[in-house]
Amino acid sequence: MNLDLALLVPECAMLLLVAVLFVQALSAGPVSVSAHRWLPLGALAVTAATVVGLPAEGMLLWDAYKVDALSQFFKLCVAGGFCIAVLNATRQPTLEEGKRADYFLFLGVSAWGLMLLASSAELVTLYLALELSSYSLYVLIPLRGRTREGAEAGVKYILFGAAATAISLYGLSYIMAAQQTTYIAALAARDWSWAASPMAVVGLSLFLCGMFYKLALFPFHFWCPDVYQGASNETAAYVATLPKLGAVVVLVRLAAVLHPGLEVTTAIAWLGVLSMTFGNLCALAQKDVKRMLGFSSVAHAGYVTVGLVSGTAEGLAAAAFYALVYVVMNLLCFWVVARVAVDGRNLVLSDLNGLHRRSPVLAFALGVGAFALVGLPPTAGFMGKLFLITAAWNHGYNWLVIALALNSAIAIYYYLSLVRHAYTEPDENASLPAPDQSAFSLGGAVALAAATLVLGIVPAPLFEKAVKAGMALFG
């Protein structure tokens, strides 16, 4: 079994945090209300524990659980993203006071499931970790006061999630029947061409549907804009970011099994083109800011596939790096949305008018986030797309790289409309509540904007770690 707890420092730290939240959620009285006061420090401690566990390597639980450079890289991303998500949700106007401890408990369970997902080296283990991270979100999304939109978003997420789960399980049965194993390392030695093993190809395609659902890749994206719009701003910030990391780490591990030119690889490439094109075109017509960000995430899911289909360690590293920078720049945009919508409402583009007068810092931070999502220098989004393009060029999918460049040009219009509205003179007849101008609000916006710029100006240290993780998969 080989259960070495020294290799599980990040998971144990997160599980301890979840256990404390569980005890606090069970306790009656006002003690449960104070969860948001100490939790940011607890989340920071988990992040520190994850940094300590970065050098760990080993195989656990009959080789079904793999601790390596790739898993530790993504665990650090999950821990850091969880810390930011917790800070963002500490001031959530649409959440009832008595439910705060429960809310953070399920948030922690979801993040713990994503950490387990990062190290899953066997398909059944991978599936169980994926469901653990998903079930918590089924509870979180409807928690938006007593609104119809929150309930509708929760129902849609559950229904689409159940369908994706059923399809993935059905595909898993085909893989087990055709390849006689569920270990990813053993599957990498098998032939995945249609001519040699059509049943295995069908099974893998069906199994990947669950990952595509989490990534919101076309045509598994239908839940995404509706859930973003219906969930609270703070919950949408989490759903839009960390679960995408979990999906990417699984796809990176499975992409090491595939090679350019295989039928499954080509299908993923075509889904990537459709996803980035459909997402960008739909985002052009949106007025609701969160719905716009929902369709943009469909487009970004297509961008990630550019690295996945390259068949190289650099391509997988580029996909991992882009997933990280997407989390940072998306959290930045949602941070500004949550700080502007102090009453918890959904923002439309016209609500951003005059933001440069009401809060110059938030307007600047929103501009940095929008420029990064477009992929303009010197932001992290530019370097992420540059790594994707250079890693995938001349590996059989040049048309996919060209599609990425063209779609990035389309995305300029609606991303920069956020900046245009933020720097437009306000409507004199509009009566909007003042944005949150506290030191907490402005400090968080500045820190996230700085991280977005630093990752664009000095990306090498982090990208080199991602390359080492990708090379380990092929080694």
# chains A, B, ... in the order shown; residues from 1 in each chain; ligands from 1
$ residues_around --residues "region 87-90 of chain A" --least-positions-apart "3" --cutoff "9 Å" --atoms "only C-alpha atoms" --output "CSV table (one decimal) with all heavy atoms, in the first residue's frame"
chain,number,residue,atom,x,y,z
A,35,ALA,N,-16.3,32.1,11.0
A,35,ALA,CA,-15.4,31.3,10.2
A,35,ALA,C,-14.5,32.1,9.3
A,35,ALA,O,-13.4,31.9,9.0
A,35,ALA,CB,-16.2,30.2,9.5
A,36,HIS,N,-15.2,33.2,8.7
A,36,HIS,CA,-14.5,34.0,7.7
A,36,HIS,C,-13.4,34.8,8.3
A,36,HIS,O,-12.6,35.4,7.6
A,36,HIS,CB,-15.5,34.8,7.0
A,36,HIS,CG,-16.1,35.9,7.8
A,36,HIS,ND1,-17.1,35.6,8.7
A,36,HIS,CD2,-15.9,37.2,8.0
A,36,HIS,CE1,-17.5,36.7,9.3
A,36,HIS,NE2,-16.8,37.7,8.9
A,37,ARG,N,-13.3,34.9,9.6
A,37,ARG,CA,-12.3,35.8,10.3
A,37,ARG,C,-11.0,35.1,10.3
A,37,ARG,O,-9.9,35.7,10.2
A,37,ARG,CB,-12.8,36.2,11.7
A,37,ARG,CG,-14.1,36.9,11.6
A,37,ARG,CD,-14.5,37.4,13.0
A,37,ARG,NE,-15.8,38.0,13.1
A,37,ARG,CZ,-16.1,39.3,12.7
A,37,ARG,NH1,-15.1,40.0,12.3
A,37,ARG,NH2,-17.3,39.8,12.7
A,39,LEU,N,-10.3,32.0,8.6
A,39,LEU,CA,-10.0,31.1,7.5
A,39,LEU,C,-9.0,31.6,6.5
A,39,LEU,O,-8.2,30.8,6.0
A,39,LEU,CB,-11.3,30.9,6.7
A,39,LEU,CG,-11.3,29.8,5.6
A,39,LEU,CD1,-10.8,28.5,6.2
A,39,LEU,CD2,-12.6,29.6,5.0
A,40,PRO,N,-8.9,32.9,6.2
A,40,PRO,CA,-7.8,33.4,5.3
A,40,PRO,C,-6.4,33.0,5.8
A,40,PRO,O,-5.5,32.6,5.1
A,40,PRO,CB,-8.0,34.9,5.3
A,40,PRO,CG,-9.4,35.1,5.5
A,40,PRO,CD,-9.8,34.0,6.5
A,82,PHE,N,-7.3,28.9,-3.8
A,82,PHE,CA,-8.3,28.7,-2.7
A,82,PHE,C,-8.1,29.9,-1.7
A,82,PHE,O,-9.1,30.4,-1.2
A,82,PHE,CB,-8.1,27.4,-2.0
A,82,PHE,CG,-8.9,27.2,-0.8
A,82,PHE,CD1,-10.2,26.9,-0.9
A,82,PHE,CD2,-8.3,27.2,0.5
A,82,PHE,CE1,-11.0,26.7,0.3
A,82,PHE,CE2,-9.0,27.1,1.6
A,82,PHE,CZ,-10.4,26.8,1.5
A,83,CYS,N,-6.9,30.3,-1.5
A,83,CYS,CA,-6.6,31.4,-0.5
A,83,CYS,C,-7.3,32.7,-1.1
A,83,CYS,O,-7.9,33.4,-0.3
A,83,CYS,CB,-5.1,31.5,-0.3
A,83,CYS,SG,-4.7,32.7,0.9
A,84,ILE,N,-7.1,32.9,-2.4
A,84,ILE,CA,-7.7,34.1,-2.9
A,84,ILE,C,-9.2,34.1,-3.0
A,84,ILE,O,-9.9,35.0,-2.7
A,84,ILE,CB,-7.1,34.3,-4.4
A,84,ILE,CG1,-5.6,34.6,-4.3
A,84,ILE,CG2,-7.8,35.5,-5.0
A,84,ILE,CD1,-5.0,34.6,-5.7
A,100,ARG,N,-22.3,30.7,6.8
A,100,ARG,CA,-20.9,31.0,6.3
A,100,ARG,C,-20.0,29.8,6.6
A,100,ARG,O,-19.1,29.5,5.7
A,100,ARG,CB,-20.4,32.2,7.0
A,100,ARG,CG,-21.1,33.5,6.5
A,100,ARG,CD,-20.4,34.8,7.1
A,100,ARG,NE,-21.1,35.9,6.6
A,100,ARG,CZ,-20.9,36.5,5.4
A,100,ARG,NH1,-19.9,36.0,4.6
A,100,ARG,NH2,-21.5,37.6,5.1
A,104,PHE,N,-17.9,27.8,3.6
A,104,PHE,CA,-16.4,27.6,3.5
A,104,PHE,C,-16.0,26.1,3.6
A,104,PHE,O,-15.0,25.7,3.1
A,104,PHE,CB,-15.7,28.5,4.5
A,104,PHE,CG,-15.8,29.9,4.3
A,104,PHE,CD1,-16.4,30.8,5.1
A,104,PHE,CD2,-15.3,30.4,3.1
A,104,PHE,CE1,-16.5,32.2,4.9
A,104,PHE,CE2,-15.3,31.8,2.8
A,104,PHE,CZ,-15.9,32.7,3.7
A,233,ASN,N,-21.5,36.3,-7.0
A,233,ASN,CA,-20.3,36.8,-7.6
A,233,ASN,C,-19.1,36.0,-7.1
A,233,ASN,O,-18.2,35.6,-7.8
A,233,ASN,CB,-20.1,38.3,-7.4
A,233,ASN,CG,-21.2,39.1,-8.1
A,233,ASN,OD1,-21.7,38.7,-9.2
A,233,ASN,ND2,-21.5,40.2,-7.5
A,234,GLU,N,-19.1,35.8,-5.8
A,234,GLU,CA,-17.9,35.1,-5.1
A,234,GLU,C,-17.9,33.7,-5.5
A,234,GLU,O,-16.8,33.1,-5.7
A,234,GLU,CB,-18.0,35.3,-3.6
A,234,GLU,CG,-17.9,36.8,-3.1
A,234,GLU,CD,-19.1,37.6,-3.4
A,234,GLU,OE1,-20.2,37.0,-3.7
A,234,GLU,OE2,-19.1,38.9,-3.2
A,235,THR,N,-19.0,33.0,-5.5
A,235,THR,CA,-19.1,31.6,-5.9
A,235,THR,C,-18.7,31.4,-7.3
A,235,THR,O,-17.9,30.5,-7.7
A,235,THR,CB,-20.5,31.0,-5.7
A,235,THR,OG1,-20.8,31.2,-4.3
A,235,THR,CG2,-20.5,29.5,-6.0
A,237,ALA,N,-16.6,33.2,-9.0
A,237,ALA,CA,-15.2,33.4,-9.1
A,237,ALA,C,-14.5,32.1,-8.8
A,237,ALA,O,-13.5,31.7,-9.5
A,237,ALA,CB,-14.7,34.4,-8.1
A,331,LEU,N,-9.5,35.5,-11.7
A,331,LEU,CA,-9.8,35.9,-10.3
A,331,LEU,C,-9.7,37.5,-10.1
A,331,LEU,O,-10.4,38.1,-9.3
A,331,LEU,CB,-8.8,35.3,-9.3
A,331,LEU,CG,-9.1,33.8,-9.0
A,331,LEU,CD1,-8.0,33.2,-8.1
A,331,LEU,CD2,-10.4,33.7,-8.2
A,334,PHE,N,-13.0,38.9,-11.4
A,334,PHE,CA,-14.1,38.6,-10.5
A,334,PHE,C,-13.9,39.4,-9.2
A,334,PHE,O,-14.9,39.7,-8.5
A,334,PHE,CB,-14.2,37.1,-10.3
A,334,PHE,CG,-15.1,36.4,-11.3
A,334,PHE,CD1,-14.5,35.7,-12.3
A,334,PHE,CD2,-16.4,36.5,-11.2
A,334,PHE,CE1,-15.3,35.0,-13.2
A,334,PHE,CE2,-17.2,35.8,-12.1
A,334,PHE,CZ,-16.6,35.1,-13.2
A,335,TRP,N,-12.7,39.6,-8.8
A,335,TRP,CA,-12.4,40.4,-7.6
A,335,TRP,C,-13.0,41.8,-7.8
A,335,TRP,O,-13.7,42.4,-6.9
A,335,TRP,CB,-11.0,40.5,-7.3
A,335,TRP,CG,-10.6,41.3,-6.1
A,335,TRP,CD1,-10.5,42.6,-5.9
A,335,TRP,CD2,-10.3,40.7,-4.8
A,335,TRP,NE1,-10.2,42.9,-4.6
A,335,TRP,CE2,-10.1,41.8,-3.9
A,335,TRP,CE3,-10.3,39.4,-4.3
A,335,TRP,CZ2,-9.8,41.6,-2.5
A,335,TRP,CZ3,-9.9,39.2,-2.9
A,335,TRP,CH2,-9.7,40.3,-2.1
A,338,ALA,N,-16.9,41.7,-7.8
A,338,ALA,CA,-17.4,41.6,-6.4
A,338,ALA,C,-17.3,42.9,-5.6
A,338,ALA,O,-18.1,43.2,-4.8
A,338,ALA,CB,-16.7,40.4,-5.7
A,339,ARG,N,-16.2,43.6,-5.9
A,339,ARG,CA,-16.0,44.9,-5.1
A,339,ARG,C,-16.9,46.0,-5.6
A,339,ARG,O,-17.2,46.9,-4.9
A,339,ARG,CB,-14.5,45.3,-5.2
A,339,ARG,CG,-13.5,44.3,-4.7
A,339,ARG,CD,-13.4,44.2,-3.2
A,339,ARG,NE,-14.4,43.4,-2.6
A,339,ARG,CZ,-14.4,42.0,-2.6
A,339,ARG,NH1,-13.5,41.3,-3.2
A,339,ARG,NH2,-15.4,41.3,-2.0
A,441,SER,N,-10.1,45.8,-0.1
A,441,SER,CA,-10.5,45.8,-1.5
A,441,SER,C,-9.4,46.2,-2.5
A,441,SER,O,-9.1,45.5,-3.4
A,441,SER,CB,-11.8,46.6,-1.7
A,441,SER,OG,-12.1,46.8,-3.0
A,444,GLY,N,-6.2,43.9,-2.4
A,444,GLY,CA,-6.4,42.7,-3.2
A,444,GLY,C,-6.3,42.9,-4.7
A,444,GLY,O,-5.7,42.1,-5.4
$ select_by_dssp --residues "region 36-117 of chain A" --states "alpha helix (DSSP H)" --output "PyMOL selection string"
chain A and resi 36-52+69-89+100-117
$ residues_around --residues "region 117-132 of chain A" --least-positions-apart "6" --cutoff "7 Å" --atoms "only C-alpha atoms" --output "list in words"
Ala64, Tyr65, Lys66, Val67, Ser71, Phe74, Lys75, Ser110, Thr182, Tyr183, Ile184, Gly246 and Val249 of chain A
$ write_last_selection --atoms "N, CA and C atoms" --output "PDB file, in the first residue's frame"
ATOM      1  N   ALA A  64      -1.655   3.961  -7.427  1.00  0.00           N
ATOM      2  CA  ALA A  64      -2.805   4.703  -7.964  1.00  0.00           C
ATOM      3  C   ALA A  64      -2.698   6.192  -7.671  1.00  0.00           C
ATOM      4  N   TYR A  65      -1.792   6.564  -6.771  1.00  0.00           N
ATOM      5  CA  TYR A  65      -1.645   7.959  -6.363  1.00  0.00           C
ATOM      6  C   TYR A  65      -0.196   8.349  -6.573  1.00  0.00           C
ATOM      7  N   LYS A  66       0.031   9.317  -7.469  1.00  0.00           N
ATOM      8  CA  LYS A  66       1.386   9.679  -7.872  1.00  0.00           C
ATOM      9  C   LYS A  66       1.715  11.097  -7.432  1.00  0.00           C
ATOM     10  N   VAL A  67       2.752  11.219  -6.631  1.00  0.00           N
ATOM     11  CA  VAL A  67       3.247  12.532  -6.206  1.00  0.00           C
ATOM     12  C   VAL A  67       4.480  12.839  -7.042  1.00  0.00           C
ATOM     13  N   SER A  71       1.958  17.065 -10.170  1.00  0.00           N
ATOM     14  CA  SER A  71       0.924  17.127  -9.136  1.00  0.00           C
ATOM     15  C   SER A  71       1.220  18.238  -8.133  1.00  0.00           C
ATOM     16  N   PHE A  74       0.369  21.723  -9.557  1.00  0.00           N
ATOM     17  CA  PHE A  74      -1.051  22.038  -9.558  1.00  0.00           C
ATOM     18  C   PHE A  74      -1.614  22.173  -8.144  1.00  0.00           C
ATOM     19  N   LYS A  75      -1.071  21.433  -7.187  1.00  0.00           N
ATOM     20  CA  LYS A  75      -1.534  21.588  -5.802  1.00  0.00           C
ATOM     21  C   LYS A  75      -1.213  22.983  -5.275  1.00  0.00           C
ATOM     22  N   SER A 110     -14.108  20.931  -1.815  1.00  0.00           N
ATOM     23  CA  SER A 110     -13.885  20.972  -3.254  1.00  0.00           C
ATOM     24  C   SER A 110     -12.400  21.153  -3.576  1.00  0.00           C
ATOM     25  N   THR A 182      -6.550   0.239 -15.837  1.00  0.00           N
ATOM     26  CA  THR A 182      -6.999   1.622 -15.651  1.00  0.00           C
ATOM     27  C   THR A 182      -5.850   2.529 -15.198  1.00  0.00           C
ATOM     28  N   TYR A 183      -4.636   2.000 -15.155  1.00  0.00           N
ATOM     29  CA  TYR A 183      -3.474   2.803 -14.772  1.00  0.00           C
ATOM     30  C   TYR A 183      -2.990   3.604 -15.976  1.00  0.00           C
ATOM     31  N   ILE A 184      -2.813   4.902 -15.773  1.00  0.00           N
ATOM     32  CA  ILE A 184      -2.434   5.772 -16.883  1.00  0.00           C
ATOM     33  C   ILE A 184      -1.062   5.389 -17.430  1.00  0.00           C
ATOM     34  N   GLY A 246      -8.286  21.563 -12.153  1.00  0.00           N
ATOM     35  CA  GLY A 246      -8.423  20.125 -12.012  1.00  0.00           C
ATOM     36  C   GLY A 246      -8.611  19.431 -13.348  1.00  0.00           C
ATOM     37  N   VAL A 249      -5.189  19.396 -15.319  1.00  0.00           N
ATOM     38  CA  VAL A 249      -4.169  18.445 -14.869  1.00  0.00           C
ATOM     39  C   VAL A 249      -4.513  17.031 -15.329  1.00  0.00           C
TER      40      VAL A 249
END
$ closest_residue --among "A:Pro461, A:Pro198, A:Gly210, A:Gly98" --to "Leu172 (chain A)" --atoms "only C-alpha atoms"
A:Gly210
$ closest_atom_pairs --of "region 296-375 of chain A" --to "region 266-277 of chain A" --cutoff "7 Å" --atoms "only C-alpha atoms" --output "JSON lines"
{"residue": "A:Val298", "atom": "CA", "partner": "A:Ser275", "partner_atom": "CA", "distance": 5.9}
{"residue": "A:Ala299", "atom": "CA", "partner": "A:Met276", "partner_atom": "CA", "distance": 3.6}
{"residue": "A:His300", "atom": "CA", "partner": "A:Met276", "partner_atom": "CA", "distance": 6.4}
{"residue": "A:Ala301", "atom": "CA", "partner": "A:Ser275", "partner_atom": "CA", "distance": 7.0}
{"residue": "A:Gly302", "atom": "CA", "partner": "A:Gly272", "partner_atom": "CA", "distance": 3.9}
{"residue": "A:Tyr303", "atom": "CA", "partner": "A:Met276", "partner_atom": "CA", "distance": 6.6}
{"residue": "A:Thr305", "atom": "CA", "partner": "A:Gly272", "partner_atom": "CA", "distance": 5.6}
{"residue": "A:Val309", "atom": "CA", "partner": "A:Ala269", "partner_atom": "CA", "distance": 6.6}
$ write_last_selection --atoms "all heavy atoms" --output "PDB file, in the first residue's frame"
ATOM      1  N   VAL A 298     -15.343  29.565 -22.148  1.00  0.00           N
ATOM      2  CA  VAL A 298     -15.502  28.551 -23.198  1.00  0.00           C
ATOM      3  C   VAL A 298     -14.409  28.728 -24.245  1.00  0.00           C
ATOM      4  O   VAL A 298     -13.809  27.751 -24.722  1.00  0.00           O
ATOM      5  CB  VAL A 298     -16.900  28.652 -23.836  1.00  0.00           C
ATOM      6  CG1 VAL A 298     -17.054  27.644 -24.972  1.00  0.00           C
ATOM      7  CG2 VAL A 298     -17.994  28.435 -22.794  1.00  0.00           C
ATOM      8  N   ALA A 299     -14.132  29.976 -24.602  1.00  0.00           N
ATOM      9  CA  ALA A 299     -13.064  30.250 -25.570  1.00  0.00           C
ATOM     10  C   ALA A 299     -11.700  29.860 -25.023  1.00  0.00           C
ATOM     11  O   ALA A 299     -10.874  29.265 -25.730  1.00  0.00           O
ATOM     12  CB  ALA A 299     -13.088  31.724 -25.955  1.00  0.00           C
ATOM     13  N   HIS A 300     -11.443  30.175 -23.750  1.00  0.00           N
ATOM     14  CA  HIS A 300     -10.134  29.860 -23.164  1.00  0.00           C
ATOM     15  C   HIS A 300      -9.934  28.357 -23.036  1.00  0.00           C
ATOM     16  O   HIS A 300      -8.796  27.875 -23.102  1.00  0.00           O
ATOM     17  CB  HIS A 300      -9.990  30.545 -21.810  1.00  0.00           C
ATOM     18  CG  HIS A 300      -9.701  32.008 -21.919  1.00  0.00           C
ATOM     19  ND1 HIS A 300      -8.433  32.503 -22.106  1.00  0.00           N
ATOM     20  CD2 HIS A 300     -10.527  33.093 -21.901  1.00  0.00           C
ATOM     21  CE1 HIS A 300      -8.478  33.830 -22.178  1.00  0.00           C
ATOM     22  NE2 HIS A 300      -9.734  34.211 -22.057  1.00  0.00           N
ATOM     23  N   ALA A 301     -11.018  27.603 -22.840  1.00  0.00           N
ATOM     24  CA  ALA A 301     -10.901  26.141 -22.844  1.00  0.00           C
ATOM     25  C   ALA A 301     -10.378  25.659 -24.185  1.00  0.00           C
ATOM     26  O   ALA A 301      -9.571  24.714 -24.259  1.00  0.00           O
ATOM     27  CB  ALA A 301     -12.258  25.509 -22.538  1.00  0.00           C
ATOM     28  N   GLY A 302     -10.819  26.304 -25.265  1.00  0.00           N
ATOM     29  CA  GLY A 302     -10.300  25.964 -26.582  1.00  0.00           C
ATOM     30  C   GLY A 302      -8.827  26.304 -26.728  1.00  0.00           C
ATOM     31  O   GLY A 302      -8.066  25.569 -27.372  1.00  0.00           O
ATOM     32  N   TYR A 303      -8.396  27.417 -26.114  1.00  0.00           N
ATOM     33  CA  TYR A 303      -6.985  27.783 -26.192  1.00  0.00           C
ATOM     34  C   TYR A 303      -6.102  26.721 -25.537  1.00  0.00           C
ATOM     35  O   TYR A 303      -4.998  26.410 -26.034  1.00  0.00           O
ATOM     36  CB  TYR A 303      -6.736  29.125 -25.499  1.00  0.00           C
ATOM     37  CG  TYR A 303      -7.487  30.296 -26.088  1.00  0.00           C
ATOM     38  CD1 TYR A 303      -7.794  31.419 -25.314  1.00  0.00           C
ATOM     39  CD2 TYR A 303      -7.892  30.297 -27.415  1.00  0.00           C
ATOM     40  CE1 TYR A 303      -8.475  32.503 -25.852  1.00  0.00           C
ATOM     41  CE2 TYR A 303      -8.577  31.375 -27.960  1.00  0.00           C
ATOM     42  CZ  TYR A 303      -8.875  32.473 -27.170  1.00  0.00           C
ATOM     43  OH  TYR A 303      -9.563  33.540 -27.705  1.00  0.00           O
ATOM     44  N   THR A 305      -6.457  23.564 -25.404  1.00  0.00           N
ATOM     45  CA  THR A 305      -6.284  22.366 -26.237  1.00  0.00           C
ATOM     46  C   THR A 305      -5.117  22.499 -27.198  1.00  0.00           C
ATOM     47  O   THR A 305      -4.585  21.490 -27.667  1.00  0.00           O
ATOM     48  CB  THR A 305      -7.563  22.070 -27.038  1.00  0.00           C
ATOM     49  OG1 THR A 305      -7.843  23.164 -27.927  1.00  0.00           O
ATOM     50  CG2 THR A 305      -8.757  21.849 -26.116  1.00  0.00           C
ATOM     51  N   VAL A 309      -2.677  19.024 -27.635  1.00  0.00           N
ATOM     52  CA  VAL A 309      -2.564  18.179 -28.827  1.00  0.00           C
ATOM     53  C   VAL A 309      -1.168  18.198 -29.433  1.00  0.00           C
ATOM     54  O   VAL A 309      -0.919  17.494 -30.421  1.00  0.00           O
ATOM     55  CB  VAL A 309      -3.591  18.611 -29.908  1.00  0.00           C
ATOM     56  CG1 VAL A 309      -4.996  18.536 -29.362  1.00  0.00           C
ATOM     57  CG2 VAL A 309      -3.287  20.001 -30.438  1.00  0.00           C
TER      58      VAL A 309
END
$ closest_residue --among "A:Ile410, A:Ala19, A:Val328, A:Val340" --to "Val454 (chain A)" --atoms "only C-alpha atoms"
A:Val328
$ atom_distance --atom1 "CA of Ala151 (chain A)" --atom2 "CA of Pro433 (chain A)"
25.7 Å
$ closest_residue --among "A:Leu406, A:Leu3, A:Val264, A:Leu70" --to "Glu464 (chain A)" --atoms "only C-alpha atoms"
A:Leu70
$ select_by_dssp --residues "region 2-187 of chain A" --states "strand (DSSP E)" --output "list in words"
Gly58, Met59, Leu60, Tyr65, Lys66 and Val67 of chain A
$ residues_around --residues "region 251-253 of chain A" --least-positions-apart "4" --cutoff "7 Å" --atoms "only C-alpha atoms" --output "list in words"
Ala247, Leu308 and Leu316 of chain A
$ write_last_selection --atoms "C-alpha atoms" --output "mmCIF file, in the first residue's frame"
data_model
loop_
_atom_site.group_PDB
_atom_site.id
_atom_site.type_symbol
_atom_site.label_atom_id
_atom_site.label_comp_id
_atom_site.auth_asym_id
_atom_site.auth_seq_id
_atom_site.Cartn_x
_atom_site.Cartn_y
_atom_site.Cartn_z
ATOM 1 C CA ALA A 247 -9.661 19.429 -15.527
ATOM 2 C CA LEU A 308 -2.664 19.409 -25.218
ATOM 3 C CA LEU A 316 1.813 20.205 -21.933
#
$ atom_distance --atom1 "CA of Ala323 (chain A)" --atom2 "CA of Lys244 (chain A)"
7.4 Å
$ atom_distance --atom1 "CA of Tyr174 (chain A)" --atom2 "CA of Leu258 (chain A)"
17.1 Å
$ closest_residue --among "A:Phe73, A:Pro378, A:Ala365, A:Ala341" --to "Ala434 (chain A)" --atoms "only C-alpha atoms"
A:Ala341
